[in-house]
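Raw work_7.cif, mmCIF, C-alpha atoms:
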data_run
#
loop_
_atom_site.label_atom_id
_atom_site.label_comp_id
_atom_site.auth_asym_id
_atom_site.auth_seq_id
_atom_site.Cartn_x
_atom_site.Cartn_y
_atom_site.Cartn_z
CA MET A 1 111.55 38.89 55.15
CA LYS A 2 114.09 39.24 58.00
CA LYS A 3 114.37 42.55 59.79
CA CYS A 4 116.82 44.44 61.96
CA LEU A 5 117.06 47.76 63.79
CA HIS A 6 114.16 46.82 66.07
CA GLY A 7 112.34 45.28 63.12
CA LEU A 8 111.69 48.60 61.38
CA ILE A 9 113.63 48.21 58.12
CA PRO A 10 113.73 45.13 55.86
CA LEU A 11 117.30 43.95 55.41
CA SER A 12 117.04 44.09 51.64
CA LEU A 13 116.53 47.87 51.97
CA LEU A 14 118.96 48.21 54.85
CA ALA A 15 121.68 46.91 52.56
CA ILE A 16 121.24 50.09 50.53
CA PHE A 17 120.74 52.55 53.38
CA CYS A 18 123.44 51.39 55.82
CA GLY A 19 126.39 52.04 53.55
CA HIS A 20 127.84 48.55 53.17
CA ARG A 21 131.52 48.59 52.34
CA ALA A 22 134.13 46.08 51.24
CA LEU A 23 137.61 47.28 52.06
CA GLY A 24 136.33 50.81 52.52
CA GLN A 25 134.05 50.85 49.50
CA GLN A 26 130.30 50.51 49.35
CA ILE A 27 129.03 47.02 48.70
CA ASP A 28 126.75 46.83 45.72
CA ALA A 29 123.12 46.49 46.87
CA LYS A 30 122.72 43.40 44.68
CA ILE A 31 125.51 41.65 46.58
CA ALA A 32 123.94 42.53 49.91
CA GLN A 33 120.57 41.26 48.72
CA LYS A 34 122.21 38.04 47.53
CA TRP A 35 123.74 37.55 50.98
CA ASN A 36 120.40 38.30 52.64
CA LYS A 37 118.79 35.52 50.59
CA ILE A 38 121.51 33.09 51.67
CA PHE A 39 120.91 33.85 55.36
CA ASP A 40 117.13 33.91 54.85
CA SER A 41 117.35 30.35 53.56
CA ILE A 42 119.57 29.33 56.48
CA SER A 43 117.27 30.81 59.10
CA GLN A 44 114.25 29.09 57.55
CA ASN A 45 115.93 25.69 57.75
CA ASN A 46 118.01 25.99 60.92
CA PRO A 47 116.37 25.63 64.35
CA LEU A 48 118.73 28.17 66.00
CA PRO A 49 116.20 30.70 67.38
CA ALA A 50 118.35 33.82 66.99
CA PHE A 51 121.70 34.83 65.54
CA TYR A 52 123.46 37.92 64.24
CA VAL A 53 126.01 38.01 61.40
CA ALA A 54 128.13 41.08 60.68
CA MET A 55 130.96 42.01 58.35
CA VAL A 56 133.44 44.62 59.58
CA ASP A 57 136.04 46.58 57.65
CA LYS A 58 138.12 49.66 58.41
CA GLY A 59 134.99 51.76 58.02
CA GLY A 60 133.01 49.79 60.60
CA ILE A 61 130.16 47.28 60.37
CA CYS A 62 129.34 47.22 56.69
CA TYR A 63 126.94 44.28 56.49
CA ARG A 64 124.57 42.95 59.10
CA TYR A 65 121.95 40.22 59.24
CA ALA A 66 119.71 39.59 62.24
CA HIS A 67 117.46 36.59 62.70
CA GLY A 68 115.03 36.03 65.54
CA LYS A 69 114.01 37.84 68.70
CA GLU A 70 116.12 39.35 71.44
CA ILE A 71 114.04 37.38 73.92
CA TRP A 72 112.86 34.31 72.05
CA ALA A 73 109.31 34.37 73.42
CA LYS A 74 108.79 38.12 72.96
CA ASP A 75 108.41 40.54 70.05
CA LYS A 76 111.53 42.73 70.04
CA ALA A 77 113.79 41.80 67.12
CA LEU A 78 117.41 40.90 67.74
CA ASN A 79 119.56 43.92 66.86
CA GLU A 80 123.15 45.13 67.01
CA ASN A 81 122.57 46.67 70.45
CA SER A 82 121.23 43.45 71.99
CA ILE A 83 123.48 42.36 74.85
CA PHE A 84 125.22 38.97 74.65
CA ARG A 85 127.50 37.05 76.95
CA ILE A 86 130.73 37.08 74.97
CA TYR A 87 132.66 34.88 77.42
CA SER A 88 136.14 34.13 75.98
CA MET A 89 135.92 36.93 73.43
CA THR A 90 136.76 38.94 76.57
CA LYS A 91 140.28 37.55 76.27
CA ALA A 92 141.16 39.65 73.22
CA ILE A 93 140.06 42.82 75.03
CA THR A 94 142.04 41.87 78.15
CA THR A 95 145.07 41.16 75.96
CA VAL A 96 144.87 44.56 74.28
CA SER A 97 144.48 46.14 77.73
CA VAL A 98 147.65 44.60 79.12
CA MET A 99 149.57 45.32 75.91
CA GLN A 100 148.84 49.00 76.56
CA LEU A 101 150.77 48.60 79.82
CA VAL A 102 153.57 46.83 77.94
CA GLU A 103 153.80 49.79 75.54
CA LYS A 104 154.08 52.15 78.53
CA GLY A 105 156.91 50.11 80.02
CA LYS A 106 154.87 49.16 83.09
CA VAL A 107 155.50 45.45 82.49
CA LEU A 108 157.51 43.36 80.02
CA LEU A 109 156.27 40.40 78.01
CA ASP A 110 159.08 38.16 79.22
CA GLU A 111 159.26 39.53 82.75
CA PRO A 112 158.80 36.96 85.54
CA MET A 113 155.45 37.42 87.23
CA ASP A 114 156.85 36.71 90.71
CA LYS A 115 156.68 40.39 91.71
CA TRP A 116 153.17 41.03 90.48
CA LEU A 117 151.44 37.69 90.97
CA PRO A 118 153.24 35.81 93.76
CA ASP A 119 149.99 34.05 94.69
CA MET A 120 149.87 32.62 91.16
CA ILE A 121 153.52 31.55 91.10
CA GLU A 122 153.04 29.53 94.30
CA ILE A 123 150.32 27.30 92.81
CA PRO A 124 151.71 23.76 92.42
CA ILE A 125 151.57 21.43 89.43
CA LEU A 126 149.31 18.37 89.44
CA ARG A 127 151.11 15.29 88.14
CA ASP A 128 149.44 12.42 86.29
CA ASP A 129 149.69 10.28 89.44
CA GLY A 130 147.71 12.86 91.43
CA SER A 131 150.65 14.25 93.41
CA LEU A 132 151.34 17.98 93.69
CA VAL A 133 154.80 19.44 93.08
CA LYS A 134 156.23 22.92 93.19
CA SER A 135 157.63 24.32 89.95
CA ASN A 136 161.17 25.67 89.84
CA LYS A 137 160.33 27.82 86.84
CA THR A 138 158.68 31.22 86.72
CA ILE A 139 155.77 32.27 84.51
CA THR A 140 155.99 35.21 82.12
CA LEU A 141 153.30 37.49 80.76
CA ARG A 142 153.89 36.09 77.27
CA GLN A 143 153.16 32.59 78.56
CA LEU A 144 149.94 33.80 80.18
CA LEU A 145 148.83 35.49 76.96
CA THR A 146 149.60 32.41 74.87
CA HIS A 147 148.11 29.80 77.24
CA THR A 148 151.50 28.19 77.76
CA SER A 149 151.63 28.98 81.50
CA GLY A 150 150.40 25.53 82.53
CA PHE A 151 146.97 26.64 83.75
CA ALA A 152 143.91 24.90 82.29
CA TYR A 153 140.16 25.07 82.75
CA SER A 154 138.98 22.36 85.11
CA PHE A 155 136.16 21.39 82.73
CA LEU A 156 138.64 20.92 79.86
CA ASN A 157 141.20 18.70 81.55
CA PRO A 158 140.56 15.20 82.92
CA LYS A 159 143.14 15.55 85.71
CA LEU A 160 141.54 18.74 87.00
CA LEU A 161 138.04 17.39 86.48
CA ASN A 162 138.82 14.65 88.99
CA PHE A 163 140.92 16.79 91.34
CA LYS A 164 139.53 17.21 94.84
CA LYS A 165 140.91 20.32 96.53
CA PRO A 166 142.39 19.36 99.92
CA ALA A 167 141.04 21.03 103.02
CA ASP A 168 144.11 23.26 103.31
CA TRP A 169 143.97 24.42 99.65
CA ARG A 170 144.51 28.19 99.90
CA TYR A 171 144.62 29.09 96.23
CA LYS A 172 141.83 30.67 94.20
CA ASP A 173 142.70 28.59 91.13
CA PHE A 174 143.12 24.89 90.44
CA PRO A 175 146.66 23.49 90.24
CA ARG A 176 148.63 23.86 87.07
CA ILE A 177 148.86 20.82 84.81
CA ALA A 178 152.24 21.53 83.21
CA GLU A 179 155.45 23.48 83.60
CA PRO A 180 155.38 26.87 81.84
CA GLY A 181 156.38 26.81 78.19
CA VAL A 182 155.87 23.08 77.74
CA ARG A 183 152.46 22.96 76.05
CA PHE A 184 149.38 24.94 75.07
CA CYS A 185 146.80 24.62 77.88
CA TYR A 186 143.59 26.56 77.38
CA GLY A 187 142.43 27.87 80.71
CA THR A 188 142.59 30.56 83.36
CA SER A 189 145.74 32.37 82.21
CA LEU A 190 143.80 35.46 81.11
CA ASP A 191 141.99 35.55 84.46
CA TRP A 192 145.45 36.12 85.94
CA VAL A 193 146.22 38.76 83.32
CA GLY A 194 143.13 40.61 84.53
CA LYS A 195 144.51 40.54 88.07
CA LEU A 196 147.87 41.74 86.74
CA ILE A 197 146.19 44.76 85.11
CA GLU A 198 144.51 45.58 88.42
CA ARG A 199 147.76 45.38 90.39
CA ILE A 200 149.77 47.45 87.94
CA SER A 201 147.11 50.10 87.28
CA GLY A 202 145.67 50.34 90.78
CA LYS A 203 142.18 50.15 89.25
CA SER A 204 139.66 47.38 88.97
CA LEU A 205 139.66 45.57 85.65
CA GLU A 206 136.20 46.99 85.03
CA GLU A 207 137.45 50.56 85.54
CA TYR A 208 140.55 50.00 83.42
CA VAL A 209 138.70 48.50 80.46
CA GLU A 210 136.02 51.18 80.60
CA GLU A 211 138.56 54.03 80.62
CA ASN A 212 141.11 52.63 78.17
CA ILE A 213 139.08 50.50 75.72
CA CYS A 214 135.35 51.15 75.89
CA LYS A 215 135.27 54.94 76.17
CA PRO A 216 137.89 55.65 73.48
CA LEU A 217 136.21 53.26 71.05
CA GLY A 218 132.61 54.25 71.81
CA MET A 219 131.74 50.79 73.17
CA ASN A 220 128.89 52.04 75.32
CA ARG A 221 127.12 48.72 75.91
CA THR A 222 130.04 46.51 76.95
CA PHE A 223 130.18 45.69 80.66
CA PHE A 224 131.48 43.41 83.36
CA THR A 225 128.56 44.67 85.47
CA VAL A 226 125.38 45.16 83.43
CA PRO A 227 123.43 48.27 84.56
CA ASP A 228 119.98 47.57 85.97
CA SER A 229 118.42 49.63 83.18
CA LEU A 230 119.87 47.31 80.50
CA ILE A 231 119.32 43.87 82.04
CA GLY A 232 116.14 43.61 79.97
CA ASP A 233 118.28 43.78 76.81
CA ILE A 234 120.27 40.64 77.64
CA VAL A 235 119.37 38.11 74.96
CA SER A 236 117.84 34.72 75.66
CA PHE A 237 120.26 31.96 76.61
CA GLY A 238 119.53 28.40 75.60
CA HIS A 239 120.57 24.78 75.23
CA VAL A 240 120.12 22.35 72.38
CA ALA A 241 119.00 18.75 72.73
CA GLY A 242 118.65 16.93 69.43
CA ASP A 243 117.32 19.61 67.11
CA LYS A 244 115.40 21.61 69.73
CA PHE A 245 116.59 24.73 71.55
CA THR A 246 115.20 25.45 75.01
CA SER A 247 115.64 28.81 76.72
CA ASP A 248 117.22 28.94 80.17
CA GLU A 249 116.03 32.05 82.00
CA ALA A 250 118.00 31.19 85.13
CA TRP A 251 121.23 31.31 83.11
CA GLN A 252 120.10 34.33 81.10
CA LEU A 253 119.56 36.33 84.30
CA ASN A 254 122.32 34.74 86.39
CA ARG A 255 122.98 37.36 89.05
CA ALA A 256 126.53 36.16 89.70
CA GLU A 257 127.47 36.91 86.08
CA ILE A 258 125.46 40.12 85.67
CA LYS A 259 126.62 41.63 88.98
CA PRO A 260 130.02 40.00 89.65
CA LYS A 261 132.04 40.61 92.79
CA GLU A 262 135.30 40.14 90.88
CA PHE A 263 136.05 40.86 87.23
CA ASN A 264 137.10 37.96 85.04
CA GLY A 265 139.61 38.89 82.34
CA GLY A 266 139.16 35.52 80.68
CA GLY A 267 135.44 35.58 80.12
CA GLY A 268 133.43 38.07 82.15
CA LEU A 269 132.22 40.62 79.60
CA PHE A 270 128.75 41.23 78.23
CA GLY A 271 128.63 43.13 74.94
CA THR A 272 126.92 43.86 71.66
CA VAL A 273 127.65 43.23 68.00
CA HIS A 274 127.94 47.01 67.54
CA ASP A 275 130.56 47.33 70.28
CA TYR A 276 132.67 44.33 69.32
CA GLY A 277 132.50 45.60 65.76
CA LYS A 278 134.12 48.83 66.99
CA PHE A 279 136.87 46.85 68.71
CA VAL A 280 137.55 44.77 65.58
CA GLN A 281 137.42 47.88 63.37
CA CYS A 282 140.14 49.42 65.51
CA ILE A 283 142.27 46.27 65.21
CA LEU A 284 141.86 46.29 61.42
CA ASP A 285 142.86 49.95 61.26
CA GLY A 286 146.13 49.47 63.09
CA GLY A 287 145.01 50.21 66.65
CA THR A 288 143.37 53.60 66.08
CA LEU A 289 139.70 54.56 65.78
CA ASN A 290 138.36 58.08 65.28
CA GLY A 291 141.72 59.53 66.24
CA ASN A 292 141.95 57.48 69.46
CA GLU A 293 144.95 55.16 69.50
CA ILE A 294 144.56 52.24 71.85
CA LEU A 295 147.60 50.32 70.55
CA GLN A 296 150.50 51.05 68.23
CA ARG A 297 150.47 49.35 64.85
CA SER A 298 153.84 47.70 65.58
CA THR A 299 152.39 46.13 68.74
CA LEU A 300 149.48 44.69 66.76
CA ASP A 301 151.85 43.33 64.13
CA GLY A 302 153.50 41.29 66.88
CA MET A 303 150.13 40.10 68.17
CA PHE A 304 149.33 38.84 64.66
CA THR A 305 152.37 36.55 64.57
CA ASN A 306 152.98 33.08 66.04
CA GLN A 307 154.00 33.45 69.68
CA ILE A 308 154.15 29.76 70.67
CA GLY A 309 157.06 28.63 68.51
CA ASP A 310 156.98 24.91 67.73
CA LEU A 311 153.95 24.28 69.96
CA TRP A 312 150.45 23.87 68.54
CA LEU A 313 146.99 24.79 69.73
CA GLN A 314 145.50 21.70 71.37
CA PHE A 315 142.66 20.71 73.68
CA ASP A 316 141.87 17.77 75.95
CA LYS A 317 138.65 17.06 74.09
CA LEU A 318 137.54 13.98 75.97
CA SER A 319 137.14 15.84 79.25
CA VAL A 320 134.66 18.42 77.93
CA PRO A 321 131.13 17.88 79.28
CA THR A 322 128.81 17.37 76.30
CA PHE A 323 126.33 20.01 77.50
CA LEU A 324 129.14 22.60 77.31
CA ALA A 325 130.89 21.72 74.05
CA ASP A 326 130.59 19.52 71.00
CA THR A 327 133.79 17.47 70.99
CA ASN A 328 133.33 16.72 67.28
CA SER A 329 133.41 20.39 66.29
CA THR A 330 135.65 21.40 63.39
CA LEU A 331 135.96 25.00 64.58
CA LEU A 332 139.52 24.57 65.78
CA GLY A 333 142.26 23.67 63.36
CA HIS A 334 145.90 22.58 63.71
CA ASP A 335 146.87 26.17 64.37
CA LYS A 336 149.24 28.55 66.09
CA PHE A 337 148.50 31.25 68.64
CA GLY A 338 149.37 34.93 68.63
CA LEU A 339 148.44 37.27 71.46
CA GLY A 340 144.70 37.34 72.04
CA TRP A 341 143.67 34.95 69.30
CA ALA A 342 144.50 31.82 67.34
CA ILE A 343 146.19 32.07 63.93
CA ASP A 344 144.77 29.94 61.12
CA VAL A 345 147.88 28.62 59.42
CA THR A 346 146.13 25.93 57.38
CA GLY A 347 143.23 27.81 55.79
CA ARG A 348 140.26 25.99 57.34
CA ASP A 349 137.67 25.03 54.71
CA GLY A 350 139.36 27.17 52.07
CA LEU A 351 139.42 30.33 54.22
CA PRO A 352 142.32 32.80 54.01
CA ARG A 353 145.48 31.62 55.73
CA GLY A 354 146.84 33.89 58.43
CA ASN A 355 143.45 34.96 59.77
CA MET A 356 143.03 35.48 63.52
CA TYR A 357 140.03 33.93 65.19
CA TRP A 358 138.50 33.03 68.52
CA GLY A 359 135.14 32.84 70.20
CA GLY A 360 133.16 32.50 73.39
CA LEU A 361 131.61 29.52 75.12
CA ALA A 362 128.04 30.41 74.11
CA ASN A 363 128.83 30.50 70.37
CA THR A 364 130.00 34.03 69.73
CA PHE A 365 132.82 34.18 67.18
CA PHE A 366 135.16 36.54 65.37
CA ASP A 367 137.46 35.97 62.42
CA ILE A 368 139.85 38.76 61.36
CA ASP A 369 141.54 38.90 57.95
CA PRO A 370 144.26 41.54 58.48
CA LYS A 371 145.61 41.29 54.93
CA GLY A 372 142.17 41.76 53.41
CA GLY A 373 141.19 44.41 55.94
CA ARG A 374 137.91 42.75 56.91
CA ALA A 375 136.38 40.55 59.59
CA VAL A 376 133.30 38.45 60.31
CA LEU A 377 131.28 38.25 63.53
CA LEU A 378 128.64 35.70 64.49
CA PHE A 379 126.76 36.15 67.76
CA SER A 380 124.32 33.76 69.36
CA ASN A 381 123.94 32.65 72.99
CA VAL A 382 123.37 28.91 73.15
CA LEU A 383 125.14 25.77 74.32
CA PRO A 384 126.91 23.53 73.59
CA TRP A 385 129.83 25.43 72.10
CA GLY A 386 130.57 24.34 68.55
CA ASN A 387 127.19 22.70 67.93
CA LYS A 388 126.44 21.99 64.27
CA TYR A 389 123.66 24.57 64.00
CA CYS A 390 125.92 27.45 65.02
CA THR A 391 129.06 26.26 63.23
CA SER A 392 127.24 25.69 59.94
CA ILE A 393 126.05 29.32 59.99
CA TYR A 394 129.48 30.59 61.03
CA PHE A 395 131.36 28.82 58.24
CA LYS A 396 128.73 29.82 55.69
CA ALA A 397 129.11 33.44 56.84
CA LEU A 398 132.90 33.23 56.51
CA GLN A 399 132.76 31.62 53.08
CA THR A 400 130.08 34.03 51.83
CA ILE A 401 131.65 37.25 53.09
CA TYR A 402 135.25 36.35 52.28
CA SER A 403 134.21 35.41 48.73
CA LEU A 404 133.78 39.13 48.04
CA LYS A 405 136.83 40.26 46.11
#
Spell out the structure here as structure tokens.
Amino acid sequence: MKKCLHGLIPLSLLAIFCGHRALGQQIDAKIAQKWNKIFDSISQNNPLPAFYVAMVDKGGICYRYAHGKEIWAKDKALNENSIFRIYSMTKAITTVSVMQLVEKGKVLLDEPMDKWLPDMIEIPILRDDGSLVKSNKTITLRQLLTHTSGFAYSFLNPKLLNFKKPADWRYKDFPRIAEPGVRFCYGTSLDWVGKLIERISGKSLEEYVEENICKPLGMNRTFFTVPDSLIGDIVSFGHVAGDKFTSDEAWQLNRAEIKPKEFNGGGGLFGTVHDYGKFVQCILDGGTLNGNEILQRSTLDGMFTNQIGDLWLQFDKLSVPTFLADTNSTLLGHDKFGLGWAIDVTGRDGLPRGNMYWGGLANTFFDIDPKGGRAVLLFSNVLPWGNKYCTSIYFKALQTIYSLK
């Protein structure tokens, strides 16, 4: 029988004691036990060493299932306070952070970024023939938040993958690959948003997020810099080859990520299921949690809507190294993008249309159903992103939890 809360309480009993709710009401213990059996069967037949599934509604985390150990080779059970690398799930938190500044009139969504980020505006565009050209167009905050700024991740784009920075390259980022507003390019745009927050607020991104997101929401184990006392709670990190997962302690305890010199708004956070559940709960409840408003409901309504017009979410799949991502993954659909997350406009695998979703490189995922007032989280920390062992659990969790009427 699987256990959680440091392995003290069987999940079949925890379903009764933890106050499971669907849309604010307690889930019947029989339903919770049925779900436990589904995930018990999965964990017995899936080689993924550890994963955590949670359902969130406006009342908080109302169903949880933990499989495996926090450190694979040790005894402590994975639990909702175990610390994961959430990578690109940082982007939603950075987006909410900058939208707070938009609400205060400190910056506008369609304001040119020339004043705030002149070093970004100067970065040239890399053409298909390898030449570099200056853009005659500015970049707006909206374009940064929707990945239509022209910046891409070097490991996701073949042009950037083969780009050799010249000796006189003075920029911190790679060149852009497109003019702003032309296409969806998944990349470093939110890194720049993090820098924007720092320049407007006069605080480091770490300080800003701690003061304006983490403290108000009670997210006490979410960090850019993991405290020394909690490094032992960082979960194992691993890679899959065939059907075997191997832990990678060097990556798990990577000092550059745990103690960064700069704070990455696109993917630098460590966090827990408990904390991200608080963040999602606040989003579901219109931007307020326990009397603390972090965003206005009207702002969130805008973030839930398509912000890229006639463009579509797209990736340069062929350039992704296979150890980082499974290019055959079905996680991403033919979808739109709001602010902070993709919008499922097709209803992937029979899921509700209009849901917001995104994830992190090491297979952490969220899916938010704003109409139904509920969400699903899946946390693991393995590569490659989108591998079949993680995605099969994720889609089963979505189908199982969203089947509750």
Within 8 Å of segment 99-103 of chain A, which residues of segment 292-385 of chain A show up? Give each one with its shortest atom-to-atom distance in Å (one decimal) and the two atoms involved, counting all atoms listed in the file, rows by chain then rising residue number, as a Markdown table.
| residue | atom | partner | partner_atom | distance |
| --- | --- | --- | --- | --- |
| A:Ile294 | CA | A:Gln100 | CA | 7.1 |
| A:Leu295 | CA | A:Gln100 | CA | 6.3 |
| A:Thr299 | CA | A:Met99 | CA | 7.7 |
- Task: Mind giving me the straight-line distance from atom CA of Ser247 of chain A to atom CA of Val56 of chain A in Å, one decimal?
- Result: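 Those two atoms sit 29.3 Å apart.
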- Which neighbours of segment 191-193 of chain A fall inside 9 Å, counting all atoms listed in the file, when residues of the same chain fewer than 6 positions from it are skipped, and could you give them as a PyMOL selection string? chain A and resi 91+94-95+98+117+120+141+144-145+263-267
- Query: Could you pull the residues within 8 Å of Phe184 of chain A, counting only C-alpha atoms, minus those fewer than 4 positions along the same chain, as an NGL selection string?
  - Reply: :A and (146-150 or 311-314)
- Message: I'd like the neighbourhood of Ile368 of chain A as a ChimeraX atom specification, where a residue qualifies if any of its atoms comes within 12 Å (using all atoms listed in the file), though same-chain residues fewer than 3 positions away should be ignored.
- Response: /A:54-58,92,277,279-285,304,340-344,351-359,365,371-377,398,401-402
- Residues matched by the PyMOL selection byres ((chain A and resi 233-235) around 9) as a count of residues only: 22
